[in-house]
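Undergrad: Can you read through this structure? Questions will come right after.
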2 protein chains.
Amino acid sequence: MPSSNPRKHLPLPAKTPVAATTHPCVPVDFQTHPTRYKHWKLSFEGDIATLVMNVNPLAGQREGYELKLNSYDIGVDVELADATQRIRFEHPCVRAVIVTGGLDRVFCAGANIVMLRTSTHGFKVNFCKYTNETRLYLEDASANSGVKFLAALNGTASGGGYELAIACDRILLADDRNSAVSYPEVPLLGVLPGTGGLTRITDKRKLRRDHCDAFSTVAEGIKGKRAVEWNLVDGIAPLSKWNETVKEWARKLADAQPVRAQQGVELDEIRCESNADTRLYKYVALRFDRAQRCVELTLTAPESGALDAAAALAQGNAWWVLRAFRELDDALCHLRFNEPEITLVALRAKGPAATWQQMDALLSLGGNWFTTETRHFVKRVLKRLDNTAKSLYAICDEGTTWVGTGLELALACDRTYVLDDEERAATFGTSAANKGMFPMANGLSRLATRFLGTPEKTDAVLSAAPTFGAVEANELGLATYAPDAIDWDDELRLAIEERTAFSPDAMTGMEANLRFAGPETMETKIFGRLSAWQNWIFQRPNAVGERGALTCYGTPNRPEFDVLRT
Amino acid sequence: MPSSNPRKHLPLPAKTPVAATTHPCVPVDFQTHPTRYKHWKLSFEGDIATLVMNVNPLAGQREGYELKLNSYDIGVDVELADATQRIRFEHPCVRAVIVTGGLDRVFCAGANIVMLRTSTHGFKVNFCKYTNETRLYLEDASANSGVKFLAALNGTASGGGYELAIACDRILLADDRNSAVSYPEVPLLGVLPGTGGLTRITDKRKLRRDHCDAFSTVAEGIKGKRAVEWNLVDGIAPLSKWNETVKEWARKLADAQPVRAQQGVELDEIRCESNADTRLYKYVALRFDRAQRCVELTLTAPESGALDAAAALAQGNAWWVLRAFRELDDALCHLRFNEPEITLVALRAKGPAATWQQMDALLSLGGNWFTTETRHFVKRVLKRLDNTAKSLYAICDEGTTWVGTGLELALACDRTYVLDDEERAATFGTSAANKGMFPMANGLSRLATRFLGTPEKTDAVLSAAPTFGAVEANELGLATYAPDAIDWDDELRLAIEERTAFSPDAMTGMEANLRFAGPETMETKIFGRLSAWQNWIFQRPNAVGERGALTCYGTPNRPEFDVLRT
């Protein structure tokens, strides 16, 4: 067993006793721009982009910790997510991205430990979920936009630092007797490499399980040839040849990808007007009922949209589809982080059926790179919805349009309430959007997941008329409950009251189990299995108690464990 | 929403304030016999067995709760597991089993709530795991022994009661305006239907996910025609036609199965000699190092075994294979429940290679029903090993025999330590046992799981000579570490010391993620996803805190929730 000091690569907090205090959350802002980045530098050279991580230790998202040694917090990850998005939309000429570090000897030390220690349980859980989504977005860009990522580990990548690396397509590690890849979470902190780490080493890098086990318990990590032998990295290079090897590898990745386009679409900032009870974007509106811990989320399509792909591209960032789903994405992130007391989302899709149908036709035809990019973006936002730990009720009353992607929003919900009243009619209909254009994390469409045991019902819905009404929707199995006009208000009120009275934890656990029937993928494993175990550990005294490992790390105190195995 | 009193079907504890005290565990005994059952009655009529649940309220496994309304504890489930096993081995003529209740109006109220509330976290987790395994054993008997199960719900089946029903092949529910199936866990207790419940309604019964959601939040459950429409049950029958319908359904199930055999093999009691530091069975020995929180588990094959299937059948219960793996099963259950401080198992397989090879040849040939039954039993014990929350080190030193099923035991471990010393030789070799005869919960063989990314290495191991030595084993990728004679003792000692010093919770979470690479099945979902979320909830104040729902249920106190969603 190597005997070097395993703590040297981790950001050490000040050597003073630290109580397990929890800092209040500061609202997280999900809008940023490369000109405002504090922690990353994004540059371009032809078809290769370079993302340099150079975290500003003093620019944490809130007070109470320093982001030493390229350790990260939610602010750092928001910038990474933003950069990935902009590369896809603003720089379609990019075919490879070099992800590297701006510090000497350390690539990235992972999630900041003091930040984790002083965060609420709910913040920790949401932070991990967001960082998992960001890493999946790298993989989505690789799979669907021909943007390949090279992790150029110019120093040690610990914990979340290595988890970022294995979200990339290729990993090159400096061969300098110092640089290693490591998971110090288990040995030093008593928690898991929970940002996809344990899943990707088994299911993506496909290490031998005993190597996974050994690697995950050796705090100082593994370097050099053994890292290659175990498939932890794809290659090593001495510092004397570092720059040329990185360039060569990036060049090779880029050359294997098709050219998409030269001219991109700039993404401006998503803005909203908000006060205590509302948050109003252009197409998305949030209206809070704080007494009931419920929010109404309505996405309204405009009267008309671009008629073809060229028009959509010409509108670019102003195209309502891109704008509306960017707003929805911002709203979902806001609800998760900044509105923890809100437990239920009552979701409506509105606007003319024709606009929704037109949108879906454009997205499915894939007339140019921009509509294809937008389709994948809508897919990711729908997955963000699937993965949001709030109870989701789809509400269908007067003026609601459950058509195509609008119907997809409803199918993402835990329940659907459909008003059975011809005088206050809603519109239903399907499109290519419901035929697998937006697969869930389980790889299936939302209709196929809903009717897993009765695929003929999926066919029946897809074979229905272009638009239809509430009675037929109910017959087709699209309504959980379909009260008539007399019962509607009472039933909906009771259903909301009932839901918000349940244990929020039981809801989170129940929904996480019920939302993803059928096949499992690396993605469902990350959110279903790994995250659940990490959340469990984040509650256990052995990690977060007064003498837990996470609490004691970097302090003069040594952890003391309750030794009972469960 | 139905308005009947949702609490009526649950076993109500005495109406006195109950503090969230935890009772000390009483050692669990996993050996029982139908003549000693306290809670079930097992009877036979031709090829149909009947299992009547009639729980003795005063015969709980420990003090502190009454098993009212056919609620269950670990003692009740040990009897169910025993009955299922005996039906397979002792009564091979059985082709259908009727599982029904002996009480009026109630089939089974699920796991006993006061028992859960007053158990340690570790006991709760192990209790749920064992009950999950028992229900999977019902399904294994159905899939592999042609024993079909009919849940004849003569009254309400709540929580674990309904979870038992959905582990059966068919469900018949009494249609009497009273009998319902229900999951009251979420609405009343703030925990999950965690005995496979949330997984089986989505992935086995394939209910629509919004129906799953609605069903899991309606404490009083669903009855009659709607229960059929939603696929919660397969049919309903009025009490006037109850007995004849049950018989008719059981007859139909039995008739569709092939006849296996008339004469069974009796299973006698597994006995061991034990003291504070050892637990010695005939073929299995446990030797505890309590200071190190480690146990040596050694399974030694005898000098020779039965030469053919007929001889094995003639030896019956005394056949070493059945005996040895029944001992191993008992030892694993004992370690889980009765030795919570033990964190590491150092596992050895011994005995002549020829005995192991002979065993595997007999099991793979399937010469008669008994060797086939034994094969499936060995498979289940190996899965019990995979699923045991202890760190598993396979130790290979002088006299160790990693051949066939013996090698399988090693491959189930988190790491393998192989002594590289020709003078103290161990024996390695493969057989049919390593080619998929004992699939893991993920459906793959242990070799295929180990070499998920490099299937050619699986082929290389399987193509090696019938037996080989440590050097070749290491070259073939079977050793995690292969120290030589000089380093062996120190390295092993350090590896054990290191492991037992880690946070036991981090080990549990890490191993649960690393042991099951590759595809997921209903089984891996139950243990990976559902169990992890349930364990999380079992730690949350909203369930088990002073004013948590589980703590308050049945007391004058109303639960008070921390309303923050994670």
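Within each chain, counting starts at residue 1; across the structure tokens, chains are named A, B, ... in the order shown, with ligands numbered 1 upward in that order.
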What's around Ala460 (chain A) at 10 Å? Count only C-alpha atoms, leave out sequence neighbours fewer than 4 positions away in its own chain, and write the answer as a ChimeraX atom specification.
TA: /A:455-456,464,476-477
Undergrad: Excluding Pro57 (chain B) and residues on its chain fewer than 2 positions from it, collect all residues at most 10 Å away from it, counting only C-alpha atoms, and give them as a list in words.
TA: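 What passes the distance filter is Lys38, His39, Asn54, Val55, Ala59, Gly60, Tyr65, Glu66, Leu67, Lys68, Leu69, Asn70, Ser71 and Tyr72 of chain B.
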Undergrad: Taking only C-alpha atoms into account, which of A:Val28, A:Ala81, A:Ala214, A:Ala532 comes nearest Leu164 (chain A)?
TA: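 Closest to Leu164 (chain A) of all the choices is A:Ala81.
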Undergrad: Identify all residues of region 92-168 of chain B in alpha helix (DSSP H) (DSSP on the backbone) and supply them as an MDAnalysis selection string.
TA: chainID B and resid 113:117 121:144 160:165
Undergrad: Output N, CA and C atoms of each residue in that selection to a file, as a short mmCIF file (atom, residue, chain, number, x, y, z; two decimals), in the first residue's frame.
TA:
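The resulting file, selection10.cif, is reproduced below:
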```
data_model
loop_
_atom_site.label_atom_id
_atom_site.label_comp_id
_atom_site.auth_asym_id
_atom_site.auth_seq_id
_atom_site.Cartn_x
_atom_site.Cartn_y
_atom_site.Cartn_z
N ILE B 113 -45.64 -2.55 13.04
CA ILE B 113 -45.14 -1.18 13.14
C ILE B 113 -44.41 -0.92 14.45
N VAL B 114 -44.92 -1.46 15.53
CA VAL B 114 -44.23 -1.24 16.81
C VAL B 114 -42.88 -1.94 16.79
N MET B 115 -42.83 -3.11 16.17
CA MET B 115 -41.55 -3.80 16.02
C MET B 115 -40.57 -2.92 15.25
N LEU B 116 -41.02 -2.36 14.11
CA LEU B 116 -40.13 -1.51 13.32
C LEU B 116 -39.68 -0.31 14.14
N ARG B 117 -40.65 0.31 14.79
CA ARG B 117 -40.35 1.54 15.53
C ARG B 117 -39.33 1.31 16.63
N HIS B 121 -31.70 0.79 13.67
CA HIS B 121 -31.65 1.04 12.23
C HIS B 121 -31.10 -0.19 11.51
N GLY B 122 -30.04 -0.76 12.02
CA GLY B 122 -29.43 -1.92 11.38
C GLY B 122 -30.38 -3.11 11.32
N PHE B 123 -31.13 -3.32 12.37
CA PHE B 123 -32.07 -4.44 12.36
C PHE B 123 -33.15 -4.20 11.32
N LYS B 124 -33.68 -2.98 11.28
CA LYS B 124 -34.72 -2.66 10.29
C LYS B 124 -34.21 -2.96 8.87
N VAL B 125 -32.99 -2.52 8.59
CA VAL B 125 -32.44 -2.69 7.25
C VAL B 125 -32.28 -4.19 6.93
N ASN B 126 -31.76 -4.95 7.88
CA ASN B 126 -31.57 -6.38 7.64
C ASN B 126 -32.89 -7.14 7.59
N PHE B 127 -33.84 -6.70 8.38
CA PHE B 127 -35.18 -7.31 8.34
C PHE B 127 -35.78 -7.12 6.94
N CYS B 128 -35.70 -5.90 6.42
CA CYS B 128 -36.28 -5.65 5.09
C CYS B 128 -35.55 -6.46 4.03
N LYS B 129 -34.24 -6.56 4.15
CA LYS B 129 -33.49 -7.33 3.15
C LYS B 129 -33.90 -8.80 3.17
N TYR B 130 -34.00 -9.36 4.36
CA TYR B 130 -34.37 -10.77 4.47
C TYR B 130 -35.77 -11.02 3.91
N THR B 131 -36.71 -10.14 4.23
CA THR B 131 -38.08 -10.34 3.72
C THR B 131 -38.10 -10.18 2.20
N ASN B 132 -37.27 -9.28 1.68
CA ASN B 132 -37.17 -9.16 0.23
C ASN B 132 -36.62 -10.45 -0.38
N GLU B 133 -35.61 -11.02 0.24
CA GLU B 133 -35.06 -12.28 -0.28
C GLU B 133 -36.12 -13.38 -0.25
N THR B 134 -36.87 -13.45 0.83
CA THR B 134 -37.90 -14.49 0.93
C THR B 134 -38.91 -14.38 -0.21
N ARG B 135 -39.33 -13.14 -0.52
CA ARG B 135 -40.31 -12.96 -1.59
C ARG B 135 -39.70 -13.31 -2.96
N LEU B 136 -38.42 -13.00 -3.12
CA LEU B 136 -37.75 -13.41 -4.36
C LEU B 136 -37.64 -14.94 -4.43
N TYR B 137 -37.56 -15.61 -3.28
CA TYR B 137 -37.49 -17.07 -3.28
C TYR B 137 -38.81 -17.67 -3.75
N LEU B 138 -39.92 -17.03 -3.42
CA LEU B 138 -41.21 -17.48 -3.97
C LEU B 138 -41.15 -17.41 -5.49
N GLU B 139 -40.65 -16.30 -5.99
CA GLU B 139 -40.59 -16.12 -7.44
C GLU B 139 -39.59 -17.07 -8.09
N ASP B 140 -38.52 -17.41 -7.36
CA ASP B 140 -37.55 -18.36 -7.88
C ASP B 140 -38.16 -19.76 -7.96
N ALA B 141 -38.97 -20.11 -6.97
CA ALA B 141 -39.64 -21.41 -7.00
C ALA B 141 -40.59 -21.48 -8.18
N SER B 142 -41.26 -20.37 -8.43
CA SER B 142 -42.19 -20.33 -9.56
C SER B 142 -41.45 -20.45 -10.88
N ALA B 143 -40.34 -19.73 -11.00
CA ALA B 143 -39.61 -19.70 -12.27
C ALA B 143 -38.85 -20.99 -12.52
N ASN B 144 -38.34 -21.64 -11.48
CA ASN B 144 -37.41 -22.74 -11.69
C ASN B 144 -37.84 -24.10 -11.16
N GLY B 160 -46.82 -4.81 3.65
CA GLY B 160 -46.11 -6.05 3.40
C GLY B 160 -47.04 -7.21 3.07
N GLY B 161 -48.30 -7.12 3.51
CA GLY B 161 -49.27 -8.15 3.15
C GLY B 161 -49.52 -8.17 1.66
N TYR B 162 -49.68 -6.97 1.08
CA TYR B 162 -49.86 -6.93 -0.36
C TYR B 162 -48.54 -7.21 -1.08
N GLU B 163 -47.43 -6.81 -0.47
CA GLU B 163 -46.13 -7.11 -1.09
C GLU B 163 -45.89 -8.61 -1.17
N LEU B 164 -46.40 -9.36 -0.19
CA LEU B 164 -46.33 -10.82 -0.26
C LEU B 164 -47.21 -11.31 -1.41
N ALA B 165 -48.38 -10.70 -1.55
CA ALA B 165 -49.29 -11.13 -2.62
C ALA B 165 -48.68 -10.92 -4.00
#
```
Undergrad: Got a sec: who's within 12 Å of Leu444 (chain A), counting only C-alpha atoms, leaving out chain neighbours fewer than 6 positions off, as an MDAnalysis selection string?
TA: chainID A and resid 383 434:438 450:452 455 458 515:521 524
